[in-house]
Structure formats: structure tokens, C-alpha cells
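Structure file upload_1.cif (mmCIF, C-alpha atoms, pLDDT in the B column; chains and numbers go by the auth columns) is printed below.
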data_work
#
loop_
_atom_site.group_PDB
_atom_site.id
_atom_site.type_symbol
_atom_site.label_atom_id
_atom_site.label_comp_id
_atom_site.label_asym_id
_atom_site.label_seq_id
_atom_site.Cartn_x
_atom_site.Cartn_y
_atom_site.Cartn_z
_atom_site.B_iso_or_equiv
_atom_site.auth_seq_id
_atom_site.auth_asym_id
ATOM 1 C CA MET A 1 75.478 100.170 128.423 74.00 1 A
ATOM 2 C CA GLN A 2 78.398 98.899 130.454 83.00 2 A
ATOM 3 C CA ILE A 3 81.691 97.964 128.849 86.00 3 A
ATOM 4 C CA LEU A 4 84.032 95.377 130.351 88.00 4 A
ATOM 5 C CA ARG A 5 87.611 95.420 129.167 90.00 5 A
ATOM 6 C CA HIS A 6 89.578 92.223 128.650 91.00 6 A
ATOM 7 C CA ASP A 7 91.504 92.888 131.868 92.00 7 A
ATOM 8 C CA ASP A 8 88.493 93.666 134.085 92.00 8 A
ATOM 9 C CA GLU A 9 88.811 91.908 137.456 91.00 9 A
ATOM 10 C CA ARG A 10 85.164 90.781 137.215 90.00 10 A
ATOM 11 C CA LEU A 11 86.069 88.437 134.339 92.00 11 A
ATOM 12 C CA SER A 12 87.253 84.971 135.273 93.00 12 A
ATOM 13 C CA TRP A 13 89.353 83.149 132.654 93.00 13 A
ATOM 14 C CA GLU A 14 88.594 79.451 133.107 93.00 14 A
ATOM 15 C CA GLY A 15 90.148 76.552 131.207 91.00 15 A
ATOM 16 C CA THR A 16 93.497 78.309 130.940 92.00 16 A
ATOM 17 C CA ILE A 17 96.840 77.790 132.634 93.00 17 A
ATOM 18 C CA SER A 18 97.863 81.435 132.215 94.00 18 A
ATOM 19 C CA VAL A 19 96.736 84.653 130.544 93.00 19 A
ATOM 20 C CA GLU A 20 99.141 86.908 128.682 93.00 20 A
ATOM 21 C CA ARG A 21 98.135 90.554 129.006 92.00 21 A
ATOM 22 C CA ALA A 22 98.924 93.706 127.067 93.00 22 A
ATOM 23 C CA VAL A 23 97.335 97.148 127.142 93.00 23 A
ATOM 24 C CA ASP A 24 94.698 96.360 124.491 90.00 24 A
ATOM 25 C CA TRP A 25 94.326 92.570 124.640 90.00 25 A
ATOM 26 C CA SER A 26 94.543 89.382 126.680 91.00 26 A
ATOM 27 C CA GLN A 27 95.575 85.972 125.310 90.00 27 A
ATOM 28 C CA PRO A 28 94.669 82.740 127.116 91.00 28 A
ATOM 29 C CA TRP A 29 97.347 80.042 127.157 92.00 29 A
ATOM 30 C CA ARG A 30 97.172 76.358 128.056 91.00 30 A
ATOM 31 C CA ILE A 31 100.792 76.415 129.254 92.00 31 A
ATOM 32 C CA PRO A 32 102.500 78.741 131.763 95.00 32 A
ATOM 33 C CA ILE A 33 103.286 81.782 129.629 93.00 33 A
ATOM 34 C CA LYS A 34 106.490 82.427 131.581 94.00 34 A
ATOM 35 C CA ASP A 35 107.757 79.036 130.335 93.00 35 A
ATOM 36 C CA ARG A 36 106.840 79.653 126.675 91.00 36 A
ATOM 37 C CA ASN A 37 110.468 79.526 125.514 92.00 37 A
ATOM 38 C CA LEU A 38 110.860 75.997 126.951 93.00 38 A
ATOM 39 C CA HIS A 39 108.305 74.468 124.569 91.00 39 A
ATOM 40 C CA HIS A 40 108.550 73.348 120.947 91.00 40 A
ATOM 41 C CA GLU A 41 107.034 75.699 118.351 90.00 41 A
ATOM 42 C CA ALA A 42 104.471 73.064 117.280 90.00 42 A
ATOM 43 C CA LEU A 43 103.129 72.916 120.841 90.00 43 A
ATOM 44 C CA LEU A 44 102.999 76.709 121.096 89.00 44 A
ATOM 45 C CA LYS A 45 100.768 76.897 118.005 85.00 45 A
ATOM 46 C CA ARG A 46 98.174 74.780 119.830 86.00 46 A
ATOM 47 C CA ALA A 47 98.715 76.055 123.352 88.00 47 A
ATOM 48 C CA ASN A 48 97.402 79.535 122.526 83.00 48 A
ATOM 49 C CA LEU A 49 94.214 78.332 120.778 81.00 49 A
ATOM 50 C CA PRO A 50 91.075 79.266 122.722 75.00 50 A
ATOM 51 C CA ALA A 51 89.470 75.788 122.635 80.00 51 A
ATOM 52 C CA GLY A 52 87.968 75.076 126.029 83.00 52 A
ATOM 53 C CA VAL A 53 88.575 78.580 127.375 87.00 53 A
ATOM 54 C CA ARG A 54 85.638 80.130 129.183 90.00 54 A
ATOM 55 C CA LEU A 55 85.112 83.700 130.307 90.00 55 A
ATOM 56 C CA ARG A 56 82.831 83.898 133.303 92.00 56 A
ATOM 57 C CA VAL A 57 81.098 87.018 134.555 91.00 57 A
ATOM 58 C CA ALA A 58 78.112 87.668 136.807 89.00 58 A
ATOM 59 C CA SER A 59 75.696 90.146 135.281 88.00 59 A
ATOM 60 C CA THR A 60 72.053 91.165 135.003 89.00 60 A
ATOM 61 C CA THR A 61 72.433 92.293 131.395 90.00 61 A
ATOM 62 C CA ARG A 62 69.868 91.394 128.733 92.00 62 A
ATOM 63 C CA CYS A 63 72.465 91.668 125.940 94.00 63 A
ATOM 64 C CA LEU A 64 76.079 90.523 125.674 93.00 64 A
ATOM 65 C CA ALA A 65 78.338 91.602 122.824 93.00 65 A
ATOM 66 C CA GLY A 66 82.072 91.570 122.265 89.00 66 A
ATOM 67 C CA THR A 67 85.030 91.476 119.951 87.00 67 A
ATOM 68 C CA VAL A 68 87.716 88.830 119.545 84.00 68 A
ATOM 69 C CA THR A 69 90.834 88.853 117.438 78.00 69 A
ATOM 70 C CA ALA A 70 89.902 87.537 114.012 60.00 70 A
ATOM 71 C CA ASP A 71 92.933 85.230 113.847 62.00 71 A
ATOM 72 C CA SER A 72 92.195 83.574 117.203 59.00 72 A
ATOM 73 C CA GLY A 73 91.271 80.296 115.514 64.00 73 A
ATOM 74 C CA MET A 74 87.870 80.379 117.185 71.00 74 A
ATOM 75 C CA LYS A 75 85.204 78.609 115.135 80.00 75 A
ATOM 76 C CA HIS A 76 82.229 78.829 117.488 84.00 76 A
ATOM 77 C CA LEU A 77 81.442 80.901 120.531 88.00 77 A
ATOM 78 C CA GLU A 78 78.845 79.574 122.950 92.00 78 A
ATOM 79 C CA LEU A 79 77.034 81.454 125.693 94.00 79 A
ATOM 80 C CA TYR A 80 75.844 79.621 128.783 94.00 80 A
ATOM 81 C CA VAL A 81 73.493 81.285 131.259 94.00 81 A
ATOM 82 C CA ASP A 82 73.371 79.641 134.683 91.00 82 A
ATOM 83 C CA GLY A 83 74.982 76.529 133.192 90.00 83 A
ATOM 84 C CA ILE A 84 72.457 76.151 130.343 93.00 84 A
ATOM 85 C CA LEU A 85 73.388 76.737 126.701 95.00 85 A
ATOM 86 C CA PHE A 86 71.720 79.987 125.619 96.00 86 A
ATOM 87 C CA GLY A 87 73.124 80.244 122.108 96.00 87 A
ATOM 88 C CA SER A 88 76.019 79.682 119.736 94.00 88 A
ATOM 89 C CA VAL A 89 77.583 81.965 117.139 92.00 89 A
ATOM 90 C CA LEU A 90 79.640 80.857 114.155 90.00 90 A
ATOM 91 C CA MET A 91 82.849 82.894 114.484 85.00 91 A
ATOM 92 C CA ALA A 92 84.852 81.623 111.488 81.00 92 A
ATOM 93 C CA GLY A 93 86.174 84.797 109.892 82.00 93 A
ATOM 94 C CA GLN A 94 84.185 87.014 112.279 85.00 94 A
ATOM 95 C CA SER A 95 85.535 89.215 115.041 86.00 95 A
ATOM 96 C CA GLU A 96 82.308 90.391 116.707 90.00 96 A
ATOM 97 C CA PHE A 97 79.512 88.559 118.489 92.00 97 A
ATOM 98 C CA ARG A 98 76.205 89.529 120.065 94.00 98 A
ATOM 99 C CA PHE A 99 73.580 87.694 122.123 96.00 99 A
ATOM 100 C CA ASP A 100 70.249 89.475 122.696 95.00 100 A
ATOM 101 C CA GLY A 101 67.260 88.527 124.827 95.00 101 A
ATOM 102 C CA LEU A 102 69.151 87.104 127.802 94.00 102 A
ATOM 103 C CA PRO A 103 66.840 86.081 130.642 92.00 103 A
ATOM 104 C CA ALA A 104 66.305 88.512 133.515 86.00 104 A
ATOM 105 C CA GLY A 105 68.681 88.154 136.418 78.00 105 A
#
Let me see the file written as C-alpha cells.
Amino acid sequence: MQILRHDDERLSWEGTISVERAVDWSQPWRIPIKDRNLHHEALLKRANLPAGVRLRVASTTRCLAGTVTADSGMKHLELYVDGILFGSVLMAGQSEFRFDGLPAG
């Protein structure tokens, strides 16, 4: 088993403007995080929601599992393999996901 941390350089955060990083977590933002204090609070509540954010990684794994923060607002998590939808997981109230049986390669 190989474990990728949230800050692993092999992960590409797509659909974000910036990514806020701490020791134990990363938070995608749809605004420049350095300009956070310039925006209205109502916008900030939406700008840190993960809608449209994609993590991309190249791998030959047959299983992909992970953990997200339970209060991320994420309702569904979808996995695409080579651009084709492989599966979807209902995340409402869940913090862990797992996809088994990924195709070889």
C-alpha cells in the first residue's frame, strides 16, 4: 500500500485558484487565498467549497481510498479513470471513501 499525503507533489489540484496548506491538511479555494481578507464573508463561505475541484494523480493502483474533512460540504465524490467516470460515492456526513477494482494501468 502506498499513501499519498495531501501535500504530495504528485497530486495536481485542478479547478482551484489557490490551495491553503497546513501540516495536516490542504484546503482548495476558488479565490487567491492571500486576498481572503479583501472579500465579503458571504463570498468566502462559497469560495472554499470543493465544488468543481479535482485531484489528479497518475497511478497503477487497483484501489483508491482517502479521507476528507467531514464539514467540507462535499455531497458526492466522483472518480474518473482516463477521463471516464468509474464511480461515485455519496459523501454527505461521511469522511472516508474507497474505490476498489480499478482497471489495470
Please evaluate the PyMOL selection byres ((chain A and resi 12-15) around 6) against the displayed coordinates and give the resulting residues as a PyMOL selection string. chain A and resi 11+16+52-56
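We find atom CA of A:Asp7 and atom CA of A:Leu85 to be spaced 24.8 Å apart.
The protein and nucleic acid residues lying at most 10 Å from stretch 17-25 of chain A are A:Arg5, A:His6, A:Asp7, A:Trp13, A:Glu14, A:Gly15, A:Gln27, A:Pro28, A:Trp29, A:Arg30, A:Ile31, A:Pro32, A:Ile33, A:Lys34, A:Ala47, A:Asn48, A:Val53, A:Val68, A:Thr69, with only C-alpha atoms considered and sequence neighbours fewer than 2 positions away removed.
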Go ahead and write the residues just picked, C-alpha atoms, as a short mmCIF file (atom, residue, chain, number, x, y, z; two decimals), in the frame of the given file.
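File produced: selection-v9.cif:
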data_model
loop_
_atom_site.label_atom_id
_atom_site.label_comp_id
_atom_site.auth_asym_id
_atom_site.auth_seq_id
_atom_site.Cartn_x
_atom_site.Cartn_y
_atom_site.Cartn_z
CA ARG A 5 87.61 95.42 129.17
CA HIS A 6 89.58 92.22 128.65
CA ASP A 7 91.50 92.89 131.87
CA TRP A 13 89.35 83.15 132.65
CA GLU A 14 88.59 79.45 133.11
CA GLY A 15 90.15 76.55 131.21
CA GLN A 27 95.58 85.97 125.31
CA PRO A 28 94.67 82.74 127.12
CA TRP A 29 97.35 80.04 127.16
CA ARG A 30 97.17 76.36 128.06
CA ILE A 31 100.79 76.42 129.25
CA PRO A 32 102.50 78.74 131.76
CA ILE A 33 103.29 81.78 129.63
CA LYS A 34 106.49 82.43 131.58
CA ALA A 47 98.72 76.06 123.35
CA ASN A 48 97.40 79.54 122.53
CA VAL A 53 88.58 78.58 127.38
CA VAL A 68 87.72 88.83 119.54
CA THR A 69 90.83 88.85 117.44
#
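Applied to this file, the PyMOL selection byres ((chain A and resi 1) around 9) selects Gln2, Ile3 and Thr61 of chain A.
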Output of the above residues as a PDB file, keeping the file's coordinate frame, restricted to C-alpha atoms:
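Below is the file that was written, selection_39.pdb:
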ATOM      1  CA  GLN A   2      78.398  98.899 130.454  1.00 83.00           C
ATOM      2  CA  ILE A   3      81.691  97.964 128.849  1.00 86.00           C
ATOM      3  CA  THR A  61      72.433  92.293 131.395  1.00 90.00           C
TER       4      THR A  61
END
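Proximity ranking of A:Val57, A:Leu4, A:Ala42, A:Ala92 relative to A:Leu79 places A:Val57 first, based on all atoms listed in the file.
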Since the input lacks some atoms of stretch 16-32 of chain A, please model N, CA and C atoms and print them as a compact mmCIF listing (two decimals), in the frame of the given file.
# COMPACT_ATOMS: atom_id res chain seq x y z
N THR A 16 92.17 77.86 131.35
CA THR A 16 93.50 78.31 130.94
C THR A 16 94.51 77.97 132.03
N ILE A 17 95.76 77.92 131.66
CA ILE A 17 96.84 77.79 132.63
C ILE A 17 97.34 79.18 132.99
N SER A 18 97.42 80.07 131.98
CA SER A 18 97.86 81.44 132.22
C SER A 18 97.22 82.35 131.18
N VAL A 19 97.28 83.64 131.46
CA VAL A 19 96.74 84.65 130.54
C VAL A 19 97.82 85.70 130.32
N GLU A 20 98.19 85.88 129.06
CA GLU A 20 99.14 86.91 128.68
C GLU A 20 98.36 88.20 128.49
N ARG A 21 98.87 89.29 129.07
CA ARG A 21 98.14 90.55 129.01
C ARG A 21 98.99 91.66 128.40
N ALA A 22 98.33 92.49 127.61
CA ALA A 22 98.92 93.71 127.07
C ALA A 22 97.91 94.82 127.31
N VAL A 23 98.22 96.02 126.90
CA VAL A 23 97.34 97.15 127.14
C VAL A 23 95.97 96.94 126.49
N ASP A 24 95.94 96.45 125.25
CA ASP A 24 94.70 96.36 124.49
C ASP A 24 94.16 94.95 124.29
N TRP A 25 94.80 93.93 124.87
CA TRP A 25 94.33 92.57 124.64
C TRP A 25 94.79 91.63 125.74
N SER A 26 94.13 90.49 125.82
CA SER A 26 94.54 89.38 126.68
C SER A 26 94.51 88.12 125.83
N GLN A 27 95.46 87.22 126.07
CA GLN A 27 95.58 85.97 125.31
C GLN A 27 95.62 84.80 126.28
N PRO A 28 94.61 83.92 126.25
CA PRO A 28 94.67 82.74 127.12
C PRO A 28 95.69 81.73 126.59
N TRP A 29 96.38 81.07 127.50
CA TRP A 29 97.35 80.04 127.16
C TRP A 29 97.05 78.78 127.96
N ARG A 30 97.34 77.63 127.36
CA ARG A 30 97.17 76.36 128.06
C ARG A 30 98.51 75.80 128.53
N ILE A 31 99.50 76.70 128.63
CA ILE A 31 100.79 76.42 129.25
C ILE A 31 101.13 77.64 130.09
N PRO A 32 102.05 77.53 131.05
CA PRO A 32 102.50 78.74 131.76
C PRO A 32 103.22 79.67 130.79
